Structures are given as structure tokens and as C-alpha cells.
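Okay, start03.pdb now, which holds PDB, C-alpha atoms:
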MODEL        1
ATOM      1  CA  MET M  26      26.451 108.823 -61.543  1.00  0.00           C
ATOM      2  CA  ARG M  27      27.919 105.313 -61.973  1.00  0.00           C
ATOM      3  CA  ASP M  28      26.420 102.003 -60.892  1.00  0.00           C
ATOM      4  CA  ASN M  29      28.417  98.773 -61.253  1.00  0.00           C
ATOM      5  CA  ILE M  30      26.181  95.721 -61.694  1.00  0.00           C
ATOM      6  CA  SER M  31      27.637  92.394 -60.577  1.00  0.00           C
ATOM      7  CA  GLY M  32      26.747  89.087 -62.140  1.00  0.00           C
ATOM      8  CA  SER M  33      27.614  85.520 -61.260  1.00  0.00           C
ATOM      9  CA  SER M  34      31.034  85.328 -62.936  1.00  0.00           C
ATOM     10  CA  PRO M  35      33.717  84.183 -60.508  1.00  0.00           C
ATOM     11  CA  PHE M  36      36.198  86.300 -62.492  1.00  0.00           C
ATOM     12  CA  GLU M  37      34.648  89.744 -61.944  1.00  0.00           C
ATOM     13  CA  LYS M  38      36.757  90.657 -58.923  1.00  0.00           C
ATOM     14  CA  SER M  39      40.033  89.033 -59.983  1.00  0.00           C
ATOM     15  CA  VAL M  40      39.907  90.358 -63.559  1.00  0.00           C
ATOM     16  CA  GLY M  41      38.359  93.667 -62.518  1.00  0.00           C
ATOM     17  CA  PHE M  42      35.120  93.990 -64.449  1.00  0.00           C
ATOM     18  CA  SER M  43      31.385  94.288 -63.873  1.00  0.00           C
ATOM     19  CA  ARG M  44      28.642  92.376 -65.688  1.00  0.00           C
ATOM     20  CA  ALA M  45      27.236  95.796 -66.563  1.00  0.00           C
ATOM     21  CA  VAL M  46      27.861  99.443 -65.786  1.00  0.00           C
ATOM     22  CA  ARG M  47      25.183 102.118 -65.815  1.00  0.00           C
ATOM     23  CA  VAL M  48      26.223 105.751 -66.212  1.00  0.00           C
ATOM     24  CA  ASN M  49      23.251 108.119 -66.323  1.00  0.00           C
ATOM     25  CA  ASP M  50      20.943 106.752 -69.047  1.00  0.00           C
ATOM     26  CA  ARG M  51      23.570 104.428 -70.602  1.00  0.00           C
ATOM     27  CA  VAL M  52      24.090 100.759 -69.759  1.00  0.00           C
ATOM     28  CA  TYR M  53      27.084  98.802 -71.017  1.00  0.00           C
ATOM     29  CA  VAL M  54      26.914  95.015 -70.667  1.00  0.00           C
ATOM     30  CA  SER M  55      30.250  93.185 -70.733  1.00  0.00           C
ATOM     31  CA  GLY M  56      31.035  90.375 -73.087  1.00  0.00           C
ATOM     32  CA  THR M  57      28.669  87.647 -71.976  1.00  0.00           C
ATOM     33  CA  ALA M  58      29.621  84.013 -72.424  1.00  0.00           C
ATOM     34  CA  PRO M  59      27.287  81.009 -72.320  1.00  0.00           C
ATOM     35  CA  LEU M  60      27.920  80.134 -68.685  1.00  0.00           C
ATOM     36  CA  SER M  61      25.768  78.179 -66.277  1.00  0.00           C
ATOM     37  CA  GLU M  62      25.355  79.367 -62.686  1.00  0.00           C
ATOM     38  CA  ASP M  63      28.192  77.047 -61.603  1.00  0.00           C
ATOM     39  CA  GLY M  64      30.615  78.616 -64.113  1.00  0.00           C
ATOM     40  CA  SER M  65      30.606  75.700 -66.541  1.00  0.00           C
ATOM     41  CA  THR M  66      29.821  76.137 -70.222  1.00  0.00           C
ATOM     42  CA  ALA M  67      26.117  75.741 -70.971  1.00  0.00           C
ATOM     43  CA  TYR M  68      24.898  73.771 -73.995  1.00  0.00           C
ATOM     44  CA  SER M  69      28.268  72.701 -75.351  1.00  0.00           C
ATOM     45  CA  GLY M  70      28.150  72.334 -79.130  1.00  0.00           C
ATOM     46  CA  ASP M  71      24.801  74.137 -79.592  1.00  0.00           C
ATOM     47  CA  SER M  72      25.285  77.679 -80.914  1.00  0.00           C
ATOM     48  CA  TYR M  73      21.574  78.535 -80.746  1.00  0.00           C
ATOM     49  CA  ARG M  74      21.149  77.542 -77.098  1.00  0.00           C
ATOM     50  CA  GLN M  75      24.467  79.141 -76.128  1.00  0.00           C
ATOM     51  CA  ALA M  76      23.355  82.427 -77.707  1.00  0.00           C
ATOM     52  CA  LYS M  77      20.012  82.192 -75.891  1.00  0.00           C
ATOM     53  CA  GLN M  78      21.923  81.667 -72.619  1.00  0.00           C
ATOM     54  CA  CYS M  79      24.045  84.765 -73.308  1.00  0.00           C
ATOM     55  CA  LEU M  80      20.959  86.838 -74.113  1.00  0.00           C
ATOM     56  CA  GLU M  81      19.189  85.697 -70.931  1.00  0.00           C
ATOM     57  CA  ILE M  82      22.209  86.741 -68.852  1.00  0.00           C
ATOM     58  CA  ILE M  83      22.268  90.082 -70.674  1.00  0.00           C
ATOM     59  CA  GLU M  84      18.566  90.598 -70.007  1.00  0.00           C
ATOM     60  CA  ARG M  85      19.075  89.980 -66.269  1.00  0.00           C
ATOM     61  CA  ALA M  86      21.977  92.457 -66.201  1.00  0.00           C
ATOM     62  CA  LEU M  87      19.888  95.066 -68.003  1.00  0.00           C
ATOM     63  CA  GLN M  88      17.024  94.578 -65.546  1.00  0.00           C
ATOM     64  CA  ALA M  89      19.413  94.949 -62.596  1.00  0.00           C
ATOM     65  CA  ALA M  90      20.530  98.249 -64.146  1.00  0.00           C
ATOM     66  CA  GLY M  91      16.953  99.469 -64.609  1.00  0.00           C
ATOM     67  CA  ALA M  92      16.905  98.819 -68.364  1.00  0.00           C
ATOM     68  CA  LYS M  93      15.192  96.371 -70.686  1.00  0.00           C
ATOM     69  CA  LEU M  94      15.949  94.650 -73.961  1.00  0.00           C
ATOM     70  CA  THR M  95      13.997  97.301 -75.873  1.00  0.00           C
ATOM     71  CA  ASP M  96      16.571  99.857 -74.652  1.00  0.00           C
ATOM     72  CA  VAL M  97      19.430  98.039 -76.438  1.00  0.00           C
ATOM     73  CA  VAL M  98      20.942 100.158 -79.203  1.00  0.00           C
ATOM     74  CA  ARG M  99      23.991  98.049 -80.087  1.00  0.00           C
ATOM     75  CA  THR M 100      25.174  94.462 -79.821  1.00  0.00           C
ATOM     76  CA  ARG M 101      28.514  92.927 -80.594  1.00  0.00           C
ATOM     77  CA  VAL M 102      28.479  89.216 -81.274  1.00  0.00           C
ATOM     78  CA  TYR M 103      31.655  87.159 -81.297  1.00  0.00           C
ATOM     79  CA  ILE M 104      31.505  83.645 -82.735  1.00  0.00           C
ATOM     80  CA  SER M 105      34.282  81.071 -82.677  1.00  0.00           C
ATOM     81  CA  ASP M 106      33.538  79.621 -86.096  1.00  0.00           C
ATOM     82  CA  PRO M 107      31.440  80.690 -89.096  1.00  0.00           C
ATOM     83  CA  SER M 108      29.404  77.499 -88.724  1.00  0.00           C
ATOM     84  CA  ALA M 109      27.942  78.959 -85.484  1.00  0.00           C
ATOM     85  CA  TYR M 110      26.367  81.823 -87.439  1.00  0.00           C
ATOM     86  CA  GLU M 111      22.980  80.271 -88.202  1.00  0.00           C
ATOM     87  CA  GLY M 112      22.097  79.320 -84.623  1.00  0.00           C
ATOM     88  CA  VAL M 113      23.442  82.540 -83.136  1.00  0.00           C
ATOM     89  CA  ALA M 114      21.680  84.687 -85.743  1.00  0.00           C
ATOM     90  CA  ARG M 115      18.387  82.874 -85.090  1.00  0.00           C
ATOM     91  CA  ALA M 116      18.624  83.464 -81.314  1.00  0.00           C
ATOM     92  CA  HIS M 117      19.624  87.119 -81.815  1.00  0.00           C
ATOM     93  CA  GLY M 118      16.755  87.596 -84.254  1.00  0.00           C
ATOM     94  CA  GLU M 119      14.206  86.099 -81.859  1.00  0.00           C
ATOM     95  CA  VAL M 120      15.138  88.719 -79.272  1.00  0.00           C
ATOM     96  CA  PHE M 121      15.955  91.712 -81.444  1.00  0.00           C
ATOM     97  CA  SER M 122      13.960  91.399 -84.710  1.00  0.00           C
ATOM     98  CA  GLU M 123      11.621  94.248 -83.713  1.00  0.00           C
ATOM     99  CA  ILE M 124      14.171  96.251 -81.688  1.00  0.00           C
ATOM    100  CA  ARG M 125      16.836  96.093 -84.416  1.00  0.00           C
ATOM    101  CA  PRO M 126      19.925  97.481 -82.648  1.00  0.00           C
ATOM    102  CA  ALA M 127      23.081  98.235 -84.557  1.00  0.00           C
ATOM    103  CA  SER M 128      25.024  94.990 -84.518  1.00  0.00           C
ATOM    104  CA  THR M 129      28.328  93.472 -85.523  1.00  0.00           C
ATOM    105  CA  MET M 130      29.275  89.797 -85.738  1.00  0.00           C
ATOM    106  CA  VAL M 131      32.957  88.859 -85.662  1.00  0.00           C
ATOM    107  CA  VAL M 132      34.612  85.466 -86.024  1.00  0.00           C
ATOM    108  CA  CYS M 133      37.415  85.100 -83.488  1.00  0.00           C
ATOM    109  CA  LYS M 134      39.007  82.827 -80.916  1.00  0.00           C
ATOM    110  CA  LEU M 135      37.120  82.866 -77.609  1.00  0.00           C
ATOM    111  CA  LEU M 136      38.511  82.267 -74.122  1.00  0.00           C
ATOM    112  CA  ARG M 137      37.245  78.684 -73.860  1.00  0.00           C
ATOM    113  CA  ASP M 138      37.231  76.194 -76.713  1.00  0.00           C
ATOM    114  CA  ASP M 139      33.652  75.107 -75.975  1.00  0.00           C
ATOM    115  CA  TRP M 140      32.265  78.660 -76.210  1.00  0.00           C
ATOM    116  CA  LEU M 141      30.705  79.158 -79.613  1.00  0.00           C
ATOM    117  CA  VAL M 142      29.497  82.698 -78.896  1.00  0.00           C
ATOM    118  CA  GLU M 143      29.972  85.716 -76.647  1.00  0.00           C
ATOM    119  CA  ILE M 144      27.706  88.786 -76.798  1.00  0.00           C
ATOM    120  CA  GLU M 145      27.998  92.405 -75.582  1.00  0.00           C
ATOM    121  CA  ALA M 146      25.173  94.956 -75.450  1.00  0.00           C
ATOM    122  CA  ASP M 147      24.860  98.716 -75.013  1.00  0.00           C
ATOM    123  CA  ALA M 148      21.567 100.324 -74.024  1.00  0.00           C
ATOM    124  CA  VAL M 149      20.112 103.790 -73.618  1.00  0.00           C
ATOM    125  CA  VAL M 150      17.357 103.837 -70.996  1.00  0.00           C
ATOM    126  CA  THR M 151      14.310 105.650 -72.307  1.00  0.00           C
TER     127      THR M 151
ENDMDL
END

In C-alpha cells, how does this file's structure come out?
Amino acid sequence: MRDNISGSSPFEKSVGFSRAVRVNDRVYVSGTAPLSEDGSTAYSGDSYRQAKQCLEIIERALQAAGAKLTDVVRTRVYISDPSAYEGVARAHGEVFSEIRPASTMVVCKLLRDDWLVEIEADAVVT
């Protein structure tokens, strides 16, 4: 059984992706950028607040799929510059310090220059 979960990204239909997909007890949350409801970048220049924005969007997607943050087993964190590490790591730690999913952080170019972070999450609903 497959359930596609839509979010607020204006690109979901044209690019062909869902905010999250649930298949049986698994939930896969797409790469989540620090976007505001209007599609603009939230908290430009602030890696901590951008990461918090990403994690809030992820939490809403998980809830829509019948999951919660405690079900997350893996995150992938993409940062645009090593200097974003401290703020992103702090935000990730505030959410996941007790849950402790497997996690990877990669430095790479992101789609927009003002994005400092993008986060993906995988969950197993228990």
C-alpha cells in the first residue's frame, strides 16, 4: 500500500515528487528546504533557524503520514558550506538527541544560493 503525502511546494507536480511517501510501515520524506509557505526562503543567512524550519516541515509531513519524529531512523543533512554546521547540528540535536537516528551530513551546492541546509528523513512507524 502506497500513500503519497503532498506538501506546500509549488514544484511537486511539475518536478514529479511528493513531500513524503508512506509504504506500509515506512515513510520517506523528500529533501526539505527552508521554505516559507509562500515559497520564499525562510531565515536567510541563519543556518540554525533554517534547519528548524526544515525539521518543522518534516514533522508535519510525518504527521500527515501517520508517523512522528520518534519513528525517524535516518536523516540526511545537506549543507551549502561548512560554516553552517554549528547551527544545523544544534537544531538537529534539539530534535533528535534522544531519538538518535543514523545520520549523514554532506557539504554540497544546493538549489538556491540562500539555502544553507536541506534535510531528508526516513521513518519506520512503530

Exercise for review: Return as a list of chain:residue names the set of residues that the PyMOL selection byres ((chain M and resi 91) around 10) yields on the displayed structure.
Suggested key: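 On this input, the PyMOL selection byres ((chain M and resi 91) around 10) captures M:Arg47, M:Asp50, M:Val52, M:Arg85, M:Ala86, M:Leu87, M:Gln88, M:Ala89, M:Ala90, M:Ala92, M:Lys93, M:Val150.
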
Check your understanding: Between M:Tyr53, M:Tyr73, M:Tyr103, M:Trp140, which one has atoms that come closest to M:Gly118, using only C-alpha atoms?
Key ->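 Under the stated criterion, the closest residue is M:Tyr73.
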
As AutoDock Vina command-line options, please report the centre and edge lengths, rounded to one decimal in Å, of the axis-aligned box that holds all listed atoms of stretch 127-140 of chain M with 6 Å of padding on each of the six sides.
--center_x 31.0 --center_y 86.7 --center_z -79.9 --size_x 27.9 --size_y 35.1 --size_z 24.2

Exercise for review: Would you list the contacts of stretch 28-30 of chain M as a PyMOL selection string, taking every protein, DNA or RNA residue within 6 Å and counting all atoms listed in the file, but skipping same-chain residues closer than 2 positions in sequence?
Suggested key: chain M and resi 43-47

Check your understanding: With only C-alpha atoms as the basis for distance, which of M:Leu60, M:Ile124, M:Val54, M:Val98 is at the shortest distance from M:Glu145?
Key ->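 Of M:Leu60, M:Ile124, M:Val54, M:Val98, the one nearest M:Glu145, counting only C-alpha atoms, is M:Val54.
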
Exercise for review: Identify all residues satisfying the PyMOL selection byres ((chain M and resi 127) around 12) in the given file; provide them as a ChimeraX atom specification.
Suggested key: /M:96-102,117,121-122,124-126,128-130,145-148

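Among the candidates M:Cys79, M:Leu136, M:Val142, M:Val48, the residue lying nearest to M:Glu111 is M:Val142 (atoms considered: all atoms listed in the file).
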
**Study point:** Option closest in space to M:Glu123, from M:Arg27, M:Val40, M:Leu94, M:Arg74 [counting all atoms listed in the file]
**Key:**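 Of all the options, M:Leu94 lies closest to M:Glu123.
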
Result set of the PyMOL selection byres ((chain M and resi 63-65) around 9) on the coordinates above, as a PDB file with C-alpha atoms, in the frame of the given file:
ATOM      1  CA  SER M  33      27.614  85.520 -61.260  1.00  0.00           C
ATOM      2  CA  SER M  34      31.034  85.328 -62.936  1.00  0.00           C
ATOM      3  CA  PRO M  35      33.717  84.183 -60.508  1.00  0.00           C
ATOM      4  CA  PRO M  59      27.287  81.009 -72.320  1.00  0.00           C
ATOM      5  CA  LEU M  60      27.920  80.134 -68.685  1.00  0.00           C
ATOM      6  CA  SER M  61      25.768  78.179 -66.277  1.00  0.00           C
ATOM      7  CA  GLU M  62      25.355  79.367 -62.686  1.00  0.00           C
ATOM      8  CA  THR M  66      29.821  76.137 -70.222  1.00  0.00           C
ATOM      9  CA  ALA M  67      26.117  75.741 -70.971  1.00  0.00           C
TER      10      ALA M  67
END

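Interatomic distance, atom CA of M:Gly32 to atom CA of M:Val131: 24.3 Å.
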
Exercise for review: Record the distance separating atom CA of M:Ala76 and atom CA of M:Thr95, expressed in Å with one decimal.
Suggested key: 17.7 Å

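Taking atom CA of M:Cys133 as the reference point, atom CA of M:Phe36 is found at 21.1 Å.
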
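Residue nearest M:Gly56, chosen from M:Ile83, M:Arg137, M:Val149, M:Ala116 and counting all atoms listed in the file: M:Ile83.
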
Exercise for review: Check the smallest atom-to-atom distance from each of M:Ser31, M:Ser108, M:Ser69, M:Gln75 to M:Glu143 using only C-alpha atoms, then report the winner.
Suggested key: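 Looking at the shortest contact to M:Glu143, the residue is M:Gln75.
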